[in-house]
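Chemist: Structure file data25.txt (compact mmCIF, C-alpha atoms) is given on the next line.
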```txt
# COMPACT_ATOMS: atom_id res chain seq x y z
CA VAL A 28 141.53 -20.68 -52.36
CA LYS A 29 137.77 -20.36 -52.14
CA LEU A 30 135.90 -22.09 -49.33
CA THR A 31 132.17 -22.42 -50.03
CA LEU A 32 130.01 -23.11 -46.97
CA VAL A 33 126.70 -24.55 -48.13
CA LEU A 34 123.65 -23.65 -46.03
CA PHE A 35 120.16 -25.11 -46.24
CA ASP A 36 117.09 -24.57 -44.09
CA GLY A 37 117.56 -26.34 -40.76
CA PHE A 38 121.35 -26.72 -40.78
CA THR A 39 123.17 -27.08 -37.45
CA ALA A 40 125.25 -23.96 -36.70
CA LEU A 41 128.23 -25.68 -35.08
CA ASP A 42 128.54 -28.05 -38.07
CA VAL A 43 129.38 -24.97 -40.14
CA ILE A 44 131.23 -22.77 -37.67
CA GLY A 45 133.46 -25.54 -36.29
CA GLY A 46 135.12 -26.05 -39.67
CA TYR A 47 134.91 -22.44 -40.81
CA GLU A 48 136.77 -21.18 -37.76
CA SER A 49 139.93 -23.11 -38.63
CA LEU A 50 139.73 -23.15 -42.44
CA ALA A 51 139.06 -19.39 -42.64
CA ARG A 52 142.36 -18.84 -40.79
CA LEU A 53 144.40 -20.70 -43.42
CA PRO A 54 146.51 -18.20 -45.33
CA GLY A 55 144.93 -17.42 -48.69
CA VAL A 56 141.48 -18.83 -47.95
CA GLU A 57 138.45 -16.72 -48.86
CA VAL A 58 135.10 -17.67 -47.41
CA GLU A 59 131.79 -17.65 -49.26
CA VAL A 60 128.48 -18.54 -47.60
CA ALA A 61 126.01 -20.02 -50.08
CA GLY A 62 122.32 -20.46 -49.35
CA PRO A 63 119.13 -21.23 -51.29
CA ARG A 64 119.24 -17.46 -51.95
CA ARG A 65 121.13 -14.46 -50.55
CA GLY A 66 119.91 -13.64 -47.06
CA ILE A 67 119.51 -15.27 -43.70
CA VAL A 68 119.14 -19.05 -43.56
CA ALA A 69 117.54 -20.42 -40.39
CA ALA A 70 119.44 -22.93 -38.27
CA ASP A 71 117.74 -25.94 -36.69
CA THR A 72 116.84 -24.18 -33.44
CA ARG A 73 115.02 -21.42 -35.35
CA ALA A 74 116.56 -19.04 -32.80
CA LEU A 75 119.60 -18.22 -34.89
CA GLY A 76 120.55 -17.94 -38.53
CA LEU A 77 123.52 -17.27 -40.77
CA PRO A 78 123.50 -14.80 -43.66
CA ALA A 79 124.25 -16.34 -47.04
CA THR A 80 126.29 -13.95 -49.17
CA VAL A 81 125.50 -15.75 -52.43
CA ALA A 82 122.85 -18.04 -53.87
CA LEU A 83 124.14 -21.59 -54.36
CA GLY A 84 122.81 -21.53 -57.91
CA ASP A 85 125.14 -18.62 -58.69
CA VAL A 86 128.28 -20.41 -57.54
CA LYS A 87 130.04 -21.74 -60.62
CA ALA A 88 133.13 -23.29 -59.03
CA THR A 89 134.91 -23.61 -55.72
CA ASP A 90 138.09 -25.03 -54.22
CA ILE A 91 136.67 -26.36 -50.96
CA LEU A 92 133.03 -27.47 -51.01
CA TYR A 93 131.82 -27.70 -47.40
CA VAL A 94 128.47 -29.34 -46.57
CA PRO A 95 127.24 -29.31 -42.95
CA GLY A 96 124.45 -31.39 -41.43
CA GLY A 97 121.38 -30.78 -39.35
CA PRO A 98 117.73 -31.83 -39.18
CA GLY A 99 117.24 -30.05 -42.51
CA VAL A 100 119.22 -32.78 -44.26
CA ALA A 101 116.13 -34.98 -44.69
CA LYS A 102 114.42 -32.36 -46.84
CA ALA A 103 117.60 -31.33 -48.68
CA GLN A 104 118.30 -34.97 -49.48
CA ALA A 105 114.97 -35.20 -51.33
CA ASP A 106 115.76 -32.11 -53.44
CA ALA A 107 117.17 -33.39 -56.74
CA GLY A 108 118.12 -29.88 -57.88
CA PHE A 109 120.13 -29.29 -54.71
CA LEU A 110 121.95 -32.62 -55.09
CA ALA A 111 122.69 -31.81 -58.74
CA ARG A 112 124.23 -28.49 -57.62
CA LEU A 113 126.46 -30.31 -55.13
CA ARG A 114 127.51 -32.74 -57.87
CA ALA A 115 128.31 -29.90 -60.26
CA LEU A 116 130.38 -28.01 -57.68
CA ASP A 117 132.12 -31.19 -56.58
CA ALA A 118 133.28 -31.56 -60.18
CA THR A 119 135.20 -28.27 -59.73
CA SER A 120 136.52 -28.72 -56.17
CA THR A 121 139.93 -29.66 -54.89
CA TRP A 122 138.39 -30.84 -51.62
CA THR A 123 134.84 -31.81 -50.77
CA VAL A 124 133.91 -31.88 -47.09
CA GLY A 125 130.87 -33.38 -45.39
CA ILE A 126 130.09 -33.00 -41.70
CA CYS A 127 127.62 -34.89 -39.48
CA ASN A 128 124.56 -36.19 -41.33
CA GLY A 129 125.46 -33.70 -44.09
CA VAL A 130 127.65 -36.55 -45.33
CA LEU A 131 124.37 -38.18 -46.40
CA LEU A 132 123.95 -35.34 -48.90
CA LEU A 133 127.28 -36.19 -50.52
CA GLY A 134 126.21 -39.84 -50.47
CA ALA A 135 122.84 -39.07 -52.02
CA ALA A 136 124.62 -37.06 -54.71
CA GLY A 137 126.46 -40.27 -55.59
CA LEU A 138 129.88 -39.02 -54.55
CA LEU A 139 130.81 -41.58 -51.89
CA LYS A 140 130.16 -44.93 -53.57
CA GLY A 141 132.80 -47.40 -52.37
CA ARG A 142 134.64 -44.68 -50.47
CA LEU A 143 135.57 -44.60 -46.79
CA ALA A 144 133.45 -42.07 -44.93
CA THR A 145 132.27 -41.19 -41.45
CA THR A 146 129.12 -39.39 -40.29
CA ASN A 147 126.95 -38.72 -37.26
CA PHE A 148 126.64 -41.72 -34.94
CA PHE A 149 122.92 -41.92 -35.71
CA ALA A 150 123.38 -41.67 -39.48
CA ARG A 151 125.85 -44.50 -40.05
CA GLU A 152 123.38 -47.06 -41.37
CA ALA A 153 121.77 -44.54 -43.72
CA LEU A 154 125.21 -43.67 -45.12
CA ARG A 155 126.00 -47.35 -45.66
CA GLN A 156 122.83 -47.63 -47.71
CA LEU A 157 124.13 -44.87 -49.96
CA GLY A 158 127.13 -47.00 -50.86
CA ALA A 159 129.86 -45.62 -48.59
CA THR A 160 132.14 -47.78 -46.48
CA VAL A 161 131.37 -46.28 -43.09
CA VAL A 162 134.11 -46.12 -40.46
CA PRO A 163 133.47 -45.02 -36.85
CA GLU A 164 136.12 -42.30 -36.96
CA ARG A 165 136.06 -38.64 -35.94
CA PHE A 166 137.22 -37.72 -39.48
CA VAL A 167 138.46 -39.63 -42.49
CA ARG A 168 139.87 -38.85 -45.92
CA ALA A 169 139.17 -40.80 -49.11
CA ASP A 170 140.75 -39.19 -52.15
CA LYS A 171 139.56 -35.58 -52.07
CA TYR A 172 136.60 -36.38 -49.81
CA VAL A 173 137.00 -35.47 -46.16
CA THR A 174 134.14 -36.44 -43.88
CA GLY A 175 133.53 -35.77 -40.20
CA ALA A 176 131.36 -37.24 -37.46
CA GLY A 177 128.60 -35.31 -35.65
CA VAL A 178 128.37 -31.55 -35.08
CA SER A 179 131.46 -30.70 -33.00
CA ALA A 180 133.58 -33.09 -35.11
CA SER A 181 133.57 -30.21 -37.58
CA ILE A 182 136.44 -28.75 -35.53
CA ASP A 183 138.63 -31.85 -35.68
CA THR A 184 137.78 -32.27 -39.36
CA GLY A 185 138.53 -28.64 -40.20
CA LEU A 186 141.91 -28.82 -38.48
CA PHE A 187 142.69 -32.10 -40.22
CA LEU A 188 142.01 -30.46 -43.58
CA CYS A 189 144.10 -27.43 -42.53
CA GLY A 190 146.95 -29.90 -42.07
CA LEU A 191 146.37 -31.48 -45.49
CA ILE A 192 146.31 -28.07 -47.19
CA GLY A 193 148.72 -25.99 -45.13
CA GLY A 194 150.89 -28.55 -43.38
CA ASP A 195 151.53 -29.41 -39.77
CA ALA A 196 152.78 -25.99 -38.64
CA ALA A 197 149.74 -24.18 -40.00
CA MET A 198 147.37 -26.74 -38.47
CA ARG A 199 148.96 -26.48 -35.04
CA ALA A 200 149.15 -22.69 -35.20
CA ILE A 201 145.46 -22.52 -36.01
CA GLY A 202 144.74 -25.11 -33.31
CA LEU A 203 146.44 -22.75 -30.88
CA GLY A 204 144.56 -19.78 -32.32
CA ILE A 205 141.20 -21.41 -31.65
CA GLU A 206 142.68 -22.97 -28.50
CA TYR A 207 141.49 -26.44 -29.32
CA PHE A 208 142.75 -28.39 -26.33
CA PRO A 209 139.40 -29.89 -25.44
CA ALA A 210 138.41 -30.99 -21.95
CA PRO A 211 134.77 -32.10 -21.94
CA PRO A 212 133.14 -32.14 -18.50
CA TYR A 213 132.59 -35.92 -18.75
CA ALA A 214 134.77 -38.94 -19.37
CA GLU A 215 133.32 -40.63 -22.46
CA LYS A 216 135.53 -40.93 -25.51
CA ARG A 217 133.09 -42.17 -28.14
CA PRO A 218 129.32 -41.99 -28.76
CA GLU A 219 129.29 -45.80 -28.50
CA ASP A 220 130.32 -45.41 -24.85
CA ILE A 221 127.39 -43.23 -23.97
CA ALA A 222 124.39 -43.89 -26.23
CA GLU A 223 122.94 -46.87 -24.36
CA PRO A 224 123.95 -45.93 -20.79
CA LEU A 225 122.56 -42.51 -21.54
CA ARG A 226 119.13 -43.81 -22.46
CA GLN A 227 119.06 -45.42 -19.01
CA LEU A 228 120.40 -42.27 -17.35
CA VAL A 229 117.77 -40.12 -19.03
CA ALA A 230 115.05 -42.56 -18.00
CA ALA A 231 116.30 -42.44 -14.39
CA PHE A 232 116.53 -38.65 -14.56
CA ASP A 233 112.97 -38.42 -15.86
CA ALA A 234 111.85 -40.07 -12.60
CA THR A 235 113.53 -37.44 -10.42
CA GLU A 236 112.27 -34.19 -8.99
CA GLY A 237 114.73 -32.23 -11.14
CA ALA A 238 113.02 -33.44 -14.30
CA ALA A 239 109.76 -31.85 -13.24
CA GLN A 240 111.47 -28.47 -13.11
CA LEU A 241 112.50 -28.72 -16.72
CA GLU A 242 110.06 -28.32 -19.55
CA ARG A 243 110.95 -31.51 -21.40
CA ARG A 244 111.47 -31.57 -25.11
CA PRO A 245 113.27 -34.18 -27.21
CA LEU A 246 117.00 -33.85 -26.72
CA PHE A 247 117.83 -35.74 -29.88
CA ASP A 248 115.75 -33.83 -32.39
CA ALA A 249 118.85 -32.32 -33.92
CA VAL A 250 120.53 -35.56 -34.86
CA VAL B 4 115.03 -19.39 -19.23
CA LYS B 5 116.35 -16.69 -21.55
CA LEU B 6 119.86 -16.98 -22.97
CA THR B 7 121.17 -13.67 -24.32
CA LEU B 8 124.14 -13.98 -26.70
CA VAL B 9 125.90 -10.61 -26.85
CA LEU B 10 127.48 -9.70 -30.19
CA PHE B 11 129.82 -6.82 -30.95
CA ASP B 12 131.71 -5.90 -34.09
CA GLY B 13 134.63 -8.31 -34.56
CA PHE B 14 133.44 -11.17 -32.34
CA THR B 15 134.74 -14.68 -33.01
CA ALA B 16 131.97 -16.91 -34.33
CA LEU B 17 132.98 -20.14 -32.58
CA ASP B 18 133.11 -18.30 -29.22
CA VAL B 19 129.36 -17.80 -29.62
CA ILE B 20 128.26 -20.93 -31.44
CA GLY B 21 130.23 -23.35 -29.27
CA GLY B 22 128.22 -22.40 -26.19
CA TYR B 23 124.95 -21.72 -28.00
CA GLU B 24 124.88 -25.17 -29.54
CA SER B 25 124.67 -26.90 -26.15
CA LEU B 26 122.77 -24.30 -24.10
CA ALA B 27 120.07 -23.87 -26.78
CA ARG B 28 119.35 -27.60 -26.44
CA LEU B 29 118.60 -27.37 -22.73
CA PRO B 30 114.87 -27.88 -22.19
CA GLY B 31 113.15 -24.54 -21.62
CA VAL B 32 115.95 -22.31 -22.93
CA GLU B 33 115.03 -19.54 -25.37
CA VAL B 34 117.80 -17.87 -27.32
CA GLU B 35 118.09 -14.16 -28.03
CA VAL B 36 120.91 -12.65 -30.10
CA ALA B 37 121.70 -9.08 -29.04
CA GLY B 38 123.85 -6.72 -31.09
CA PRO B 39 124.63 -3.01 -31.18
CA ARG B 40 121.38 -2.87 -33.19
CA ARG B 41 119.12 -5.40 -34.92
CA GLY B 42 120.76 -6.77 -38.04
CA ILE B 43 123.92 -8.53 -39.06
CA VAL B 44 127.01 -8.13 -36.89
CA ALA B 45 130.32 -8.88 -38.60
CA ALA B 46 132.59 -11.56 -37.16
CA ASP B 47 136.37 -11.09 -36.99
CA THR B 48 137.07 -12.63 -40.41
CA ARG B 49 134.68 -10.18 -42.10
CA ALA B 50 133.62 -13.12 -44.24
CA LEU B 51 130.71 -14.13 -42.01
CA GLY B 52 128.24 -12.50 -39.67
CA LEU B 53 125.42 -13.35 -37.31
CA PRO B 54 122.03 -11.63 -37.31
CA ALA B 55 121.17 -9.92 -34.03
CA THR B 56 117.46 -10.24 -33.34
CA VAL B 57 117.41 -7.44 -30.76
CA ALA B 58 119.43 -4.34 -29.85
CA LEU B 59 121.38 -4.81 -26.64
CA GLY B 60 119.99 -1.51 -25.38
CA ASP B 61 116.46 -2.95 -25.60
CA VAL B 62 117.23 -5.98 -23.45
CA LYS B 63 115.97 -5.26 -19.95
CA ALA B 64 116.77 -8.54 -18.22
CA THR B 65 118.07 -12.01 -18.93
CA ASP B 66 118.69 -15.32 -17.20
CA ILE B 67 121.96 -16.27 -18.88
CA LEU B 68 124.17 -13.42 -20.05
CA TYR B 69 126.71 -14.80 -22.53
CA VAL B 70 129.68 -12.69 -23.69
CA PRO B 71 132.01 -14.10 -26.37
CA GLY B 72 135.47 -12.82 -27.32
CA GLY B 73 137.27 -11.88 -30.48
CA PRO B 74 139.57 -9.16 -31.81
CA GLY B 75 136.67 -6.72 -31.36
CA VAL B 76 137.06 -6.94 -27.58
CA ALA B 77 139.70 -4.19 -27.53
CA LYS B 78 137.25 -1.65 -28.94
CA ALA B 79 134.27 -2.91 -26.91
CA GLN B 80 136.36 -2.73 -23.74
CA ALA B 81 136.86 0.99 -24.31
CA ASP B 82 133.10 1.58 -24.71
CA ALA B 83 131.80 2.72 -21.31
CA GLY B 84 128.17 2.53 -22.44
CA PHE B 85 128.61 -1.08 -23.53
CA LEU B 86 130.24 -2.03 -20.23
CA ALA B 87 127.43 -0.29 -18.32
CA ARG B 88 124.90 -2.37 -20.30
CA LEU B 89 126.71 -5.58 -19.36
CA ARG B 90 126.74 -4.47 -15.70
CA ALA B 91 123.01 -3.69 -15.78
CA LEU B 92 122.12 -7.04 -17.36
CA ASP B 93 124.45 -8.90 -15.02
CA ALA B 94 122.41 -7.44 -12.16
CA THR B 95 119.40 -9.38 -13.55
CA SER B 96 121.09 -12.65 -14.53
CA THR B 97 121.17 -16.04 -12.86
CA TRP B 98 124.34 -16.92 -14.74
CA THR B 99 126.90 -14.69 -16.43
CA VAL B 100 129.23 -16.35 -18.92
CA GLY B 101 132.44 -15.04 -20.48
CA ILE B 102 134.38 -16.85 -23.20
CA CYS B 103 137.92 -16.31 -24.49
CA ASN B 104 139.12 -12.71 -24.22
CA GLY B 105 135.45 -11.75 -23.83
CA VAL B 106 136.13 -12.45 -20.15
CA LEU B 107 138.07 -9.17 -20.21
CA LEU B 108 134.77 -7.39 -20.87
CA LEU B 109 133.28 -8.83 -17.68
CA GLY B 110 136.49 -7.85 -15.89
CA ALA B 111 136.42 -4.32 -17.31
CA ALA B 112 132.78 -4.06 -16.18
CA GLY B 113 134.07 -4.70 -12.65
CA LEU B 114 132.34 -8.06 -12.26
CA LEU B 115 135.32 -10.33 -11.59
CA LYS B 116 137.25 -8.55 -8.84
CA GLY B 117 138.74 -11.20 -6.52
CA ARG B 118 136.94 -13.98 -8.39
CA LEU B 119 138.44 -17.07 -10.01
CA ALA B 120 138.30 -16.80 -13.79
CA THR B 121 139.92 -18.21 -16.91
CA THR B 122 140.36 -16.67 -20.35
CA ASN B 123 142.25 -17.00 -23.62
CA PHE B 124 145.87 -18.09 -23.11
CA PHE B 125 147.05 -14.76 -24.50
CA ALA B 126 144.72 -12.66 -22.32
CA ARG B 127 145.63 -14.04 -18.91
CA GLU B 128 147.85 -11.16 -17.79
CA ALA B 129 145.31 -8.56 -18.95
CA LEU B 130 142.61 -10.32 -16.94
CA ARG B 131 144.82 -10.35 -13.85
CA GLN B 132 145.18 -6.61 -14.17
CA LEU B 133 141.40 -6.30 -14.03
CA GLY B 134 141.40 -7.88 -10.58
CA ALA B 135 140.47 -11.51 -11.31
CA THR B 136 142.33 -14.48 -9.91
CA VAL B 137 143.27 -16.18 -13.17
CA VAL B 138 143.46 -19.96 -13.31
CA PRO B 139 144.76 -21.88 -16.36
CA GLU B 140 141.62 -23.98 -16.68
CA ARG B 141 139.39 -24.80 -19.63
CA PHE B 142 136.40 -23.46 -17.65
CA VAL B 143 135.80 -22.34 -14.10
CA ARG B 144 132.87 -21.24 -11.97
CA ALA B 145 132.95 -18.55 -9.27
CA ASP B 146 129.52 -17.88 -7.80
CA LYS B 147 127.28 -17.22 -10.81
CA TYR B 148 130.21 -16.39 -13.09
CA VAL B 149 131.28 -19.10 -15.51
CA THR B 150 134.30 -18.34 -17.65
CA GLY B 151 135.95 -20.28 -20.44
CA ALA B 152 139.34 -20.32 -22.15
CA GLY B 153 139.88 -19.50 -25.84
CA VAL B 154 137.39 -19.89 -28.71
CA SER B 155 136.63 -23.64 -28.81
CA ALA B 156 136.55 -23.76 -24.99
CA SER B 157 133.06 -22.32 -25.47
CA ILE B 158 131.91 -25.92 -26.06
CA ASP B 159 133.36 -27.33 -22.83
CA THR B 160 132.10 -24.29 -20.95
CA GLY B 161 128.60 -24.51 -22.43
CA LEU B 162 128.32 -28.19 -21.53
CA PHE B 163 129.64 -27.48 -18.01
CA LEU B 164 126.88 -24.88 -17.57
CA CYS B 165 124.32 -27.32 -19.01
CA GLY B 166 125.34 -29.64 -16.19
CA LEU B 167 124.97 -26.90 -13.57
CA ILE B 168 121.52 -25.95 -14.85
CA GLY B 169 120.09 -29.24 -16.08
CA GLY B 170 122.12 -31.87 -14.27
CA ASP B 171 124.41 -34.64 -15.42
CA ALA B 172 121.91 -36.52 -17.59
CA ALA B 173 121.00 -33.43 -19.59
CA MET B 174 124.65 -32.46 -20.03
CA ARG B 175 125.64 -35.90 -21.27
CA ALA B 176 122.59 -36.16 -23.55
CA ILE B 177 123.45 -32.84 -25.12
CA GLY B 178 127.11 -33.88 -25.33
CA LEU B 179 125.92 -36.87 -27.32
CA GLY B 180 123.63 -34.68 -29.41
CA ILE B 181 126.53 -32.47 -30.50
CA GLU B 182 128.78 -35.55 -30.47
CA TYR B 183 131.45 -33.91 -28.38
CA PHE B 184 134.00 -36.69 -28.15
CA PRO B 185 136.92 -34.64 -29.41
CA ALA B 186 139.95 -36.06 -31.17
CA PRO B 187 142.20 -33.23 -32.35
CA PRO B 188 144.65 -34.20 -35.10
CA TYR B 189 147.61 -33.40 -32.81
CA ALA B 190 148.77 -34.47 -29.38
CA GLU B 191 148.99 -31.30 -27.32
CA LYS B 192 146.80 -30.99 -24.26
CA ARG B 193 147.31 -27.35 -23.28
CA PRO B 194 148.30 -24.09 -25.01
CA GLU B 195 151.35 -24.04 -22.72
CA ASP B 196 152.55 -27.20 -24.47
CA ILE B 197 152.47 -25.65 -27.90
CA ALA B 198 152.95 -21.87 -27.78
CA GLU B 199 156.76 -21.79 -27.66
CA PRO B 200 157.52 -24.95 -29.70
CA LEU B 201 155.05 -23.59 -32.24
CA ARG B 202 156.89 -20.33 -32.69
CA GLN B 203 159.93 -22.41 -33.61
CA LEU B 204 157.87 -24.68 -35.85
CA VAL B 205 156.37 -21.72 -37.68
CA ALA B 206 159.82 -20.17 -38.12
CA ALA B 207 161.11 -23.47 -39.56
CA PHE B 208 158.05 -23.75 -41.79
CA ASP B 209 158.58 -20.23 -43.09
CA ALA B 210 161.94 -21.39 -44.43
CA THR B 211 160.41 -24.24 -46.46
CA GLU B 212 159.15 -24.43 -50.02
CA GLY B 213 155.60 -24.99 -48.76
CA ALA B 214 155.57 -21.58 -47.15
CA ALA B 215 156.13 -19.89 -50.49
CA GLN B 216 152.95 -21.48 -51.82
CA LEU B 217 150.89 -19.88 -49.11
CA GLU B 218 150.06 -16.22 -49.07
CA ARG B 219 151.19 -15.49 -45.53
CA ARG B 220 149.08 -13.50 -43.14
CA PRO B 221 149.26 -13.36 -39.34
CA LEU B 222 147.90 -16.54 -37.85
CA PHE B 223 147.38 -15.00 -34.44
CA ASP B 224 145.34 -11.94 -35.32
CA ALA B 225 142.23 -13.46 -33.80
CA VAL B 226 143.61 -13.90 -30.30
```
Take the structure in this file and express it as structure tokens.
Modeler:
Amino acid sequence: VKLTLVLFDGFTALDVIGGYESLARLPGVEVEVAGPRRGIVAADTRALGLPATVALGDVKATDILYVPGGPGVAKAQADAGFLARLRALDATSTWTVGICNGVLLLGAAGLLKGRLATTNFFAREALRQLGATVVPERFVRADKYVTGAGVSASIDTGLFLCGLIGGDAAMRAIGLGIEYFPAPPYAEKRPEDIAEPLRQLVAAFDATEGAAQLERRPLFDAV
Amino acid sequence: VKLTLVLFDGFTALDVIGGYESLARLPGVEVEVAGPRRGIVAADTRALGLPATVALGDVKATDILYVPGGPGVAKAQADAGFLARLRALDATSTWTVGICNGVLLLGAAGLLKGRLATTNFFAREALRQLGATVVPERFVRADKYVTGAGVSASIDTGLFLCGLIGGDAAMRAIGLGIEYFPAPPYAEKRPEDIAEPLRQLVAAFDATEGAAQLERRPLFDAV
């Protein structure tokens, strides 16, 4: 079982690693990291990268096609050759996975028309416009297409797919292996619960002394 | 504010990326990836690596010292020069972070004696023997030492530290940015709830037809 992780300039690292960390632990899975070319592909922060072991153009087929998101999606989405590559590999895959706003790339490749899909909270409308039926879920399956919400949802989505491929025991064993018993240091359960209150909180925070101590830069530039 | 991510051969990728993804989004944080030498350091699966941008020996000081875990910990823990490096950098840090069984490295460096700390479920006894007071928490702070449980606990721990450094608004904004509203595809809340039942589940699964379709390899080799 070959898992192909697709990298593009400006991907978000956790979008990739969250799913990789569970799927790579499934018995029989071999991981391939595909980039524009062999070599290091820069993540969105520009402070970190991941080495691609193969050029995407050299990948002829795969079993699990895995497409992360990140600020680089905007540019990748305008690259007809890249979208054609995704379409060609999707024609060979058993499963095709999209994470975060990377789901827009599957949509732009024409793969999600009329299908249930989820994506980053901030990308839902854009995904609708690409013909998907968007649901506000952490992960969802439609035929062989498994899509996940933003960034860290790659973990839930990866484990969900582990369950589909390997069954409940394998999924739970891997969940234990990566110790995924989350306990965020805040109470919110959904982005809907926080997006608007947060804008107010950030505005209030900006007026405090603490804000002056922090060199401000946009907190949402990655989504 | 300099964040130094320490890599060693056989680290677990999510241990690093889970914390990086939130901390790198804190205003003013600059990320440095330190390895045995500049160049790619192999993760535990051998299918993926991360490029170190600096040799650990060339790092003279840092603000946030971040040590992940992985199967490579056993070897790193026996490397007196490596532990001395961690000790020297800890003497310069504002915060020192250990994740998963990487907390054992801080313990072996003598930094956690009599301090509250958490670690991977399977590493608790070993951490006790290094003099820490082990608590079964997802993350815990003792003075400047912030420790996290296994692998994916790096996310909770990173966000917790974001809150300590940047305050509640920044933590929640970053939580929204990485969309950390987890929803694992199973019900367990703690490794304690699953470890023993899971051994039985895996044994039962091994007796099924499904098991024969999977090339079996140890599911726990990463912890």
Chemist: Given only C-alpha atoms as the basis, pick out the residue of A:Phe109, A:Phe149, A:Phe35, A:Tyr172 nearest to chain B.
Modeler: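 Of A:Phe109, A:Phe149, A:Phe35, A:Tyr172, the one nearest chain B, counting only C-alpha atoms, is A:Phe149.
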Chemist: Looking at B:Gln80, B:Thr48, B:Gln132, B:Thr95, which one is nearest to chain A, with distances taken over all atoms listed in the file?
Modeler: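 Of the candidates, the smallest distance to chain A is held by B:Thr48.
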Chemist: Quick check, in Å to one decimal: how far apart do CA of Cys165 in chain B and CA of Ser25 in chain B lie?
Modeler: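 Those two atoms sit 7.2 Å apart.
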Chemist: Can you work out which one of B:Leu167, B:Val154, B:Ala210, B:Ala77 has the shortest atom-to-atom distance to Phe208 in chain A, counting only C-alpha atoms?
Modeler: B:Val154
Chemist: Between CA of Gly178 in chain B and CA of Glu219 in chain A, what distance in Å does the model show, to one decimal?
Modeler: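 CA of Gly178 in chain B sits 12.5 Å away from CA of Glu219 in chain A.
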Chemist: Tell me which of A:Ala197, A:Ala40, A:Ala105, A:Leu110 sits closest to Gly177 in chain A, counting all atoms listed in the file.
Modeler: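 Comparing A:Ala197, A:Ala40, A:Ala105, A:Leu110 against Gly177 in chain A, the winner is A:Ala40.
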Chemist: Might you pull out every residue within 8 Å of Leu68 in chain B, with all atoms listed in the file counted and same-chain residues fewer than 3 positions away left off, and present them as a PDB file with C-alpha atoms, keeping the file's coordinate frame?
Modeler:
```
ATOM      1  CA  LEU B   6     119.860 -16.980 -22.970  1.00  0.00           C
ATOM      2  CA  THR B   7     121.170 -13.670 -24.320  1.00  0.00           C
ATOM      3  CA  LEU B   8     124.140 -13.980 -26.700  1.00  0.00           C
ATOM      4  CA  VAL B   9     125.900 -10.610 -26.850  1.00  0.00           C
ATOM      5  CA  THR B  65     118.070 -12.010 -18.930  1.00  0.00           C
ATOM      6  CA  LEU B  92     122.120  -7.040 -17.360  1.00  0.00           C
ATOM      7  CA  ASP B  93     124.450  -8.900 -15.020  1.00  0.00           C
ATOM      8  CA  SER B  96     121.090 -12.650 -14.530  1.00  0.00           C
ATOM      9  CA  TRP B  98     124.340 -16.920 -14.740  1.00  0.00           C
ATOM     10  CA  THR B  99     126.900 -14.690 -16.430  1.00  0.00           C
ATOM     11  CA  VAL B 100     129.230 -16.350 -18.920  1.00  0.00           C
TER      12      VAL B 100
END
```
